[in-house]
file query_26.csv (CSV, C-alpha atoms)
chain,number,residue,atom,x,y,z
N,1,MET,CA,0.0,0.0,0.0
N,2,LYS,CA,2.8,2.4,0.8
N,3,LYS,CA,4.5,1.7,-2.5
N,4,ILE,CA,1.3,2.5,-4.3
N,5,CYS,CA,1.0,5.8,-2.5
N,6,ASN,CA,4.6,6.7,-3.2
N,7,TYR,CA,4.2,6.0,-6.9
N,8,THR,CA,1.0,8.0,-7.0
N,9,PHE,CA,2.7,11.0,-5.2
N,10,ARG,CA,5.6,10.9,-7.6
N,11,ALA,CA,3.3,10.8,-10.6
N,12,VAL,CA,1.3,13.7,-9.3
N,13,CYS,CA,4.5,15.8,-8.7
N,14,ILE,CA,5.9,15.0,-12.1
N,15,TYR,CA,2.5,16.0,-13.6
N,16,VAL,CA,2.5,19.3,-11.7
N,17,VAL,CA,6.0,20.1,-12.8
N,18,ILE,CA,5.2,19.3,-16.4
N,19,PHE,CA,2.0,21.4,-16.2
N,20,PHE,CA,3.7,24.5,-14.8
N,21,THR,CA,6.6,24.2,-17.2
N,22,PHE,CA,4.1,24.1,-20.2
N,23,VAL,CA,2.2,27.1,-18.8
N,24,TYR,CA,5.4,29.2,-18.3
N,25,VAL,CA,6.7,28.4,-21.8
N,26,THR,CA,3.5,29.2,-23.6
N,27,THR,CA,2.9,32.4,-21.6
N,28,GLY,CA,6.5,33.7,-22.2
N,29,PHE,CA,6.2,33.2,-26.0
N,30,HIS,CA,2.9,34.9,-26.0
N,31,ILE,CA,4.2,37.9,-24.1
N,32,GLN,CA,7.3,38.1,-26.4
N,33,ASN,CA,5.1,38.1,-29.4
N,34,VAL,CA,2.9,40.8,-27.9
N,35,ASN,CA,5.9,43.0,-27.2
N,36,LYS,CA,7.2,42.6,-30.7
N,37,SER,CA,3.9,43.5,-32.2
N,38,VAL,CA,3.6,46.5,-30.0
N,39,LEU,CA,7.2,47.7,-30.9
N,40,SER,CA,6.6,47.3,-34.6
N,41,ALA,CA,3.3,49.2,-34.3
N,42,ASN,CA,5.1,52.1,-32.5
N,43,ILE,CA,7.9,52.2,-35.1
N,44,THR,CA,5.3,52.3,-37.9
N,45,LYS,CA,3.5,55.2,-36.2
N,46,GLU,CA,6.7,57.1,-35.7
N,47,LEU,CA,7.8,56.7,-39.3
N,48,SER,CA,4.4,57.7,-40.6
N,49,SER,CA,4.4,60.8,-38.4
N,50,ARG,CA,7.9,61.8,-39.7
N,51,LEU,CA,6.8,61.2,-43.3
N,52,VAL,CA,3.7,63.4,-42.8
N,53,SER,CA,5.8,66.2,-41.2
N,54,SER,CA,8.4,66.1,-44.0
N,55,LYS,CA,5.6,66.4,-46.6
N,56,LYS,CA,4.2,69.3,-44.7
N,57,GLU,CA,7.6,71.1,-44.7
N,58,GLN,CA,8.1,70.4,-48.4
N,59,TYR,CA,4.7,71.8,-49.1
N,60,LYS,CA,5.4,75.0,-47.1
N,61,ASP,CA,8.8,75.5,-48.8
N,62,SER,CA,7.2,75.1,-52.2
N,63,VAL,CA,4.5,77.6,-51.3
N,64,LYS,CA,7.2,80.1,-50.1
N,65,ASP,CA,9.2,79.6,-53.3
N,66,ASN,CA,6.2,80.2,-55.5
N,67,GLN,CA,5.4,83.4,-53.6
N,68,LEU,CA,9.0,84.6,-53.8
N,69,GLU,CA,9.1,83.9,-57.6
N,70,GLU,CA,5.9,85.9,-58.0
N,71,VAL,CA,7.3,88.8,-56.1
N,72,LEU,CA,10.5,88.8,-58.1
N,73,GLU,CA,8.7,88.7,-61.4
N,74,ALA,CA,6.5,91.6,-60.3
N,75,ASP,CA,9.6,93.6,-59.3
N,76,GLN,CA,11.3,92.8,-62.6
N,77,GLU,CA,8.3,93.9,-64.6
N,78,THR,CA,8.1,97.2,-62.6
N,79,GLU,CA,11.8,97.9,-63.2
N,80,GLU,CA,11.5,97.2,-66.9
N,81,GLU,CA,8.6,99.6,-67.1
N,82,GLU,CA,10.5,102.3,-65.3
N,83,ASN,CA,13.5,101.8,-67.6
N,84,LEU,CA,11.3,102.2,-70.6
N,85,ASN,CA,9.8,105.4,-69.2
N,86,ASN,CA,13.2,106.8,-68.6
N,87,THR,CA,14.5,106.0,-72.1
N,88,ASP,CA,11.5,107.8,-73.5
N,89,GLU,CA,12.4,110.9,-71.5
N,90,ILE,CA,16.0,111.0,-72.6
N,91,GLU,CA,16.8,113.4,-75.5
N,92,LEU,CA,19.5,112.5,-77.9
N,93,VAL,CA,22.0,115.3,-78.4
N,94,GLU,CA,24.1,115.4,-81.5
N,95,ILE,CA,27.8,116.2,-80.8
N,96,PRO,CA,29.5,118.1,-83.6
N,97,GLU,CA,32.3,116.2,-85.4
N,98,GLU,CA,34.9,118.9,-84.5
N,99,THR,CA,34.1,118.4,-80.8
N,100,VAL,CA,34.5,114.6,-81.2
N,101,GLU,CA,37.9,115.1,-82.9
N,102,SER,CA,39.1,117.5,-80.3
N,103,ILE,CA,38.1,115.1,-77.5
N,104,THR,CA,39.9,112.2,-79.2
N,105,GLU,CA,43.0,114.3,-79.6
N,106,ILE,CA,43.1,115.2,-75.9
N,107,GLN,CA,45.6,112.9,-74.2
N,108,PRO,CA,45.8,112.4,-70.4
N,109,GLU,CA,48.4,114.6,-68.8
N,110,GLU,CA,51.4,112.6,-67.7
N,111,THR,CA,52.2,113.1,-64.0
N,112,PRO,CA,55.7,114.3,-63.8
N,113,GLU,CA,58.0,112.2,-61.8
N,114,PRO,CA,59.2,113.8,-58.6
N,115,GLN,CA,62.7,115.1,-59.0
N,116,VAL,CA,65.0,114.7,-56.1
N,117,GLU,CA,67.1,117.7,-55.8
N,118,GLU,CA,70.7,116.8,-55.3
N,119,PRO,CA,72.6,119.0,-52.9
N,120,GLN,CA,74.6,121.7,-54.5
N,121,TYR,CA,78.1,122.0,-53.2
N,122,THR,CA,79.5,124.7,-55.4
N,123,TYR,CA,82.2,126.5,-53.4
N,124,THR,CA,81.5,130.2,-52.8
N,125,GLN,CA,83.9,132.1,-50.6
N,126,THR,CA,81.8,134.1,-48.1
N,127,ILE,CA,84.5,136.6,-47.0
N,128,ASP,CA,87.5,138.2,-48.7
N,129,THR,CA,90.7,136.9,-47.3
N,130,THR,CA,93.0,138.8,-49.6
N,131,TYR,CA,94.5,140.9,-47.0
N,132,SER,CA,94.2,138.5,-44.1
N,133,PRO,CA,97.5,138.0,-42.1
N,134,VAL,CA,99.3,134.7,-42.9
N,135,ILE,CA,100.7,132.8,-40.0
N,136,ALA,CA,102.7,130.2,-41.9
N,137,THR,CA,103.1,129.0,-45.5
N,138,THR,CA,104.0,125.6,-47.0
N,139,SER,CA,103.4,123.7,-50.3
N,140,GLY,CA,102.5,120.2,-51.4
N,141,ASN,CA,100.1,117.9,-53.1
N,142,VAL,CA,96.4,117.7,-52.0
N,143,SER,CA,94.3,114.5,-52.5
N,144,HIS,CA,90.6,114.0,-52.2
N,145,TYR,CA,88.4,111.5,-50.2
N,146,GLY,CA,84.7,110.9,-49.7
N,147,HIS,CA,82.6,110.0,-46.6
N,148,ASP,CA,82.1,106.5,-48.1
N,149,CYS,CA,85.8,105.8,-48.7
N,150,ARG,CA,87.4,102.5,-47.9
N,151,GLY,CA,87.7,102.3,-44.1
N,152,CYS,CA,85.4,105.3,-43.6
N,153,THR,CA,82.5,103.6,-41.6
N,154,SER,CA,81.3,106.2,-39.1
N,155,GLY,CA,80.2,108.9,-41.6
N,156,LYS,CA,81.7,111.5,-39.3
N,157,THR,CA,85.0,113.4,-39.2
N,158,ALA,CA,87.5,112.9,-36.4
N,159,THR,CA,85.9,115.8,-34.6
N,160,GLY,CA,82.4,114.2,-34.8
N,161,TYR,CA,81.0,116.3,-37.5
N,162,ASN,CA,78.4,114.4,-39.6
N,163,ILE,CA,79.4,114.2,-43.3
N,164,SER,CA,77.3,111.0,-44.2
N,165,ASP,CA,74.9,113.0,-46.3
N,166,GLY,CA,77.6,114.2,-48.7
N,167,ARG,CA,78.2,117.7,-47.2
N,168,ILE,CA,81.6,119.1,-47.7
N,169,TYR,CA,81.3,122.4,-46.0
N,170,TYR,CA,81.5,123.6,-42.4
N,171,THR,CA,80.1,126.9,-41.2
N,172,ASP,CA,82.7,128.7,-39.2
N,173,SER,CA,81.7,131.6,-36.9
N,174,THR,CA,84.4,133.8,-38.5
N,175,TYR,CA,85.0,132.6,-42.0
N,176,GLY,CA,81.5,131.4,-42.9
N,177,ASP,CA,81.1,128.3,-45.1
N,178,VAL,CA,84.6,126.7,-45.6
N,179,ARG,CA,85.6,123.4,-47.1
N,180,ILE,CA,86.5,120.4,-44.8
N,181,VAL,CA,89.9,119.0,-45.0
N,182,ALA,CA,91.9,116.3,-43.3
N,183,ALA,CA,95.4,117.1,-42.2
N,184,GLY,CA,98.3,115.7,-40.1
N,185,GLY,CA,98.9,116.5,-36.5
N,186,GLU,CA,100.9,119.6,-37.3
N,187,TYR,CA,97.6,121.4,-37.9
N,188,PRO,CA,95.2,121.5,-34.8
N,189,PHE,CA,91.5,121.0,-35.3
N,190,GLY,CA,89.8,124.3,-36.3
N,191,THR,CA,92.8,125.6,-38.2
N,192,ILE,CA,91.8,127.7,-41.2
N,193,LEU,CA,93.9,127.2,-44.4
N,194,ARG,CA,93.9,129.0,-47.7
N,195,LEU,CA,94.7,126.7,-50.6
N,196,SER,CA,95.7,127.9,-54.1
N,197,ASN,CA,97.9,127.3,-57.1
N,198,SER,CA,98.4,128.8,-60.5
N,199,SER,CA,95.4,127.0,-62.0
N,200,THR,CA,92.8,127.4,-59.3
N,201,SER,CA,91.2,130.2,-57.3
N,202,PRO,CA,92.0,130.4,-53.6
N,203,MET,CA,89.9,128.1,-51.4
N,204,ILE,CA,89.3,128.5,-47.7
N,205,ALA,CA,89.3,125.2,-45.7
N,206,ILE,CA,89.1,124.1,-42.1
N,207,VAL,CA,90.9,121.1,-40.5
N,208,LEU,CA,88.2,118.8,-39.1
N,209,ASP,CA,89.6,115.4,-39.9
N,210,ARG,CA,92.8,113.3,-39.7
N,211,GLY,CA,94.5,110.8,-42.0
N,212,SER,CA,97.4,108.4,-41.4
N,213,ALA,CA,98.7,108.7,-45.0
N,214,ILE,CA,98.7,112.5,-45.1
N,215,GLY,CA,100.8,115.2,-43.4
N,216,SER,CA,104.2,116.9,-43.5
N,217,GLY,CA,106.8,114.8,-45.2
N,218,LYS,CA,104.3,112.4,-46.8
N,219,LYS,CA,103.0,112.0,-50.3
N,220,TYR,CA,100.0,114.2,-49.7
N,221,ILE,CA,100.0,117.1,-47.3
N,222,LEU,CA,96.2,117.4,-47.2
N,223,ASP,CA,93.1,115.4,-48.1
N,224,LEU,CA,90.2,117.5,-49.2
N,225,LEU,CA,86.7,116.2,-48.6
N,226,ALA,CA,84.5,115.4,-51.7
N,227,GLU,CA,80.8,114.6,-52.0
N,228,SER,CA,81.6,110.9,-52.4
N,229,GLU,CA,84.5,108.5,-53.1
N,230,THR,CA,83.4,108.6,-56.8
N,231,ALA,CA,83.7,112.4,-56.9
N,232,ALA,CA,87.0,112.2,-55.1
N,233,ASN,CA,88.4,109.8,-57.7
N,234,GLU,CA,87.2,112.2,-60.4
N,235,ALA,CA,88.8,115.2,-58.7
N,236,GLY,CA,92.1,113.4,-58.5
N,237,VAL,CA,95.1,115.2,-57.1
N,238,LYS,CA,95.9,118.8,-57.0
N,239,TYR,CA,99.7,119.3,-57.4
N,240,ASN,CA,101.9,122.0,-56.0
N,241,MET,CA,99.3,123.6,-53.9
N,242,THR,CA,100.2,126.6,-51.7
N,243,ILE,CA,98.9,126.2,-48.1
N,244,GLU,CA,98.7,129.3,-46.0
N,245,VAL,CA,97.6,129.2,-42.4
N,246,LEU,CA,95.2,132.0,-41.6
N,247,ARG,CA,94.2,130.8,-38.1
N,248,MET,CA,95.9,128.1,-36.0
N,249,GLY,CA,93.2,126.0,-34.3
N,250,TYR,CA,90.0,127.5,-32.8

call {"tool": "encode", "arguments": {"input": "query_26.csv", "output": "structure tokens"}}
result
Amino acid sequence: MKKICNYTFRAVCIYVVIFFTFVYVTTGFHIQNVNKSVLSANITKELSSRLVSSKKEQYKDSVKDNQLEEVLEADQETEEEENLNNTDEIELVEIPEETVESITEIQPEETPEPQVEEPQYTYTQTIDTTYSPVIATTSGNVSHYGHDCRGCTSGKTATGYNISDGRIYYTDSTYGDVRIVAAGGEYPFGTILRLSNSSTSPMIAIVLDRGSAIGSGKKYILDLLAESETAANEAGVKYNMTIEVLRMGY
């Protein structure tokens, strides 16, 4: 009897387990199918709503474009009418042939190029030194140099006077505008010299510079400043110049 009961209980348990398993499986598949159908329905609704909204926007744009084209066409027609009216009001004036020929012969004026005035360094003696007392007299050859000579880098004389712009004169308080000259140590700075020979007029110069290759007992006794080294080479050497000292130093 006990064995029968045990077998019956086991059978009932197995049946219950099988029943609940069947119910769970069938219910899960049903729920999954329901979820899929709901999801597909939602996606379909969203796509249809987007399609409808895009069609509405396209319709609005087309309406706007049509209105804009109508406005532009109306403006163009109005402008053409105004142009026609203006052309009707314009009176044609006949220009005589002589006037036309004169107009064609007129040529535009050429703008003159700005001319840079070069500094003029023509020597003019400001005072008469004919009867000035002479302190000392010597003779020798006088060479020329420019501010851009080889080794001349500062553009100034030994006294600091600026000659980089090509100036060759110095304004002395007593003798006025005088030529600048380089000399040896026997002539202090500020010494006034009168240079002359048989072929040139007297020239008044002031010692403002030094030179190692010039001086008493050397090939050149003085070195006269020129506008540039090119001008110095063109001037060359003045031979047998008479050098008279009118003032020794400042």

call {"tool": "atom_distance", "arguments": {"input": "query_26.csv", "atom1": "CA of Ala136 (chain N)", "atom2": "CA of Val245 (chain N)"}}
result
5.2 Å

call {"tool": "closest_residue", "arguments": {"input": "query_26.csv", "among": "N:Cys13, N:Thr137, N:Lys218, N:Cys149", "to": "Thr242 (chain N)", "atoms": "only C-alpha atoms"}}
result
N:Thr137

call {"tool": "atom_distance", "arguments": {"input": "query_26.csv", "atom1": "CA of Ser196 (chain N)", "atom2": "CA of Asn233 (chain N)"}}
result
19.8 Å

call {"tool": "atom_distance", "arguments": {"input": "query_26.csv", "atom1": "CA of Asn240 (chain N)", "atom2": "CA of Val181 (chain N)"}}
result
16.6 Å

call {"tool": "residues_around", "arguments": {"input": "query_26.csv", "residues": "Ser198 (chain N)", "least_positions_apart": "3", "cutoff": "12 Å", "atoms": "all atoms listed in the file", "output": "list in words"}}
result
Leu195, Ser201, Pro202, Lys238, Tyr239, Asn240, Met241 and Thr242 of chain N

call {"tool": "write_last_selection", "arguments": {"input": "query_26.csv", "atoms": "C-alpha atoms", "output": "PDB file, in the coordinates of the input"}}
result
ATOM      1  CA  LEU N 195      94.700 126.700 -50.600  1.00  0.00           C
ATOM      2  CA  SER N 201      91.200 130.200 -57.300  1.00  0.00           C
ATOM      3  CA  PRO N 202      92.000 130.400 -53.600  1.00  0.00           C
ATOM      4  CA  LYS N 238      95.900 118.800 -57.000  1.00  0.00           C
ATOM      5  CA  TYR N 239      99.700 119.300 -57.400  1.00  0.00           C
ATOM      6  CA  ASN N 240     101.900 122.000 -56.000  1.00  0.00           C
ATOM      7  CA  MET N 241      99.300 123.600 -53.900  1.00  0.00           C
ATOM      8  CA  THR N 242     100.200 126.600 -51.700  1.00  0.00           C
TER       9      THR N 242
END

call {"tool": "residues_around", "arguments": {"input": "query_26.csv", "residues": "region 129-134 of chain N", "least_positions_apart": "2", "cutoff": "9 Å", "atoms": "all atoms listed in the file", "output": "NGL selection string"}}
result
:N and (125 or 127 or 136-137 or 175 or 194 or 204 or 244-247)
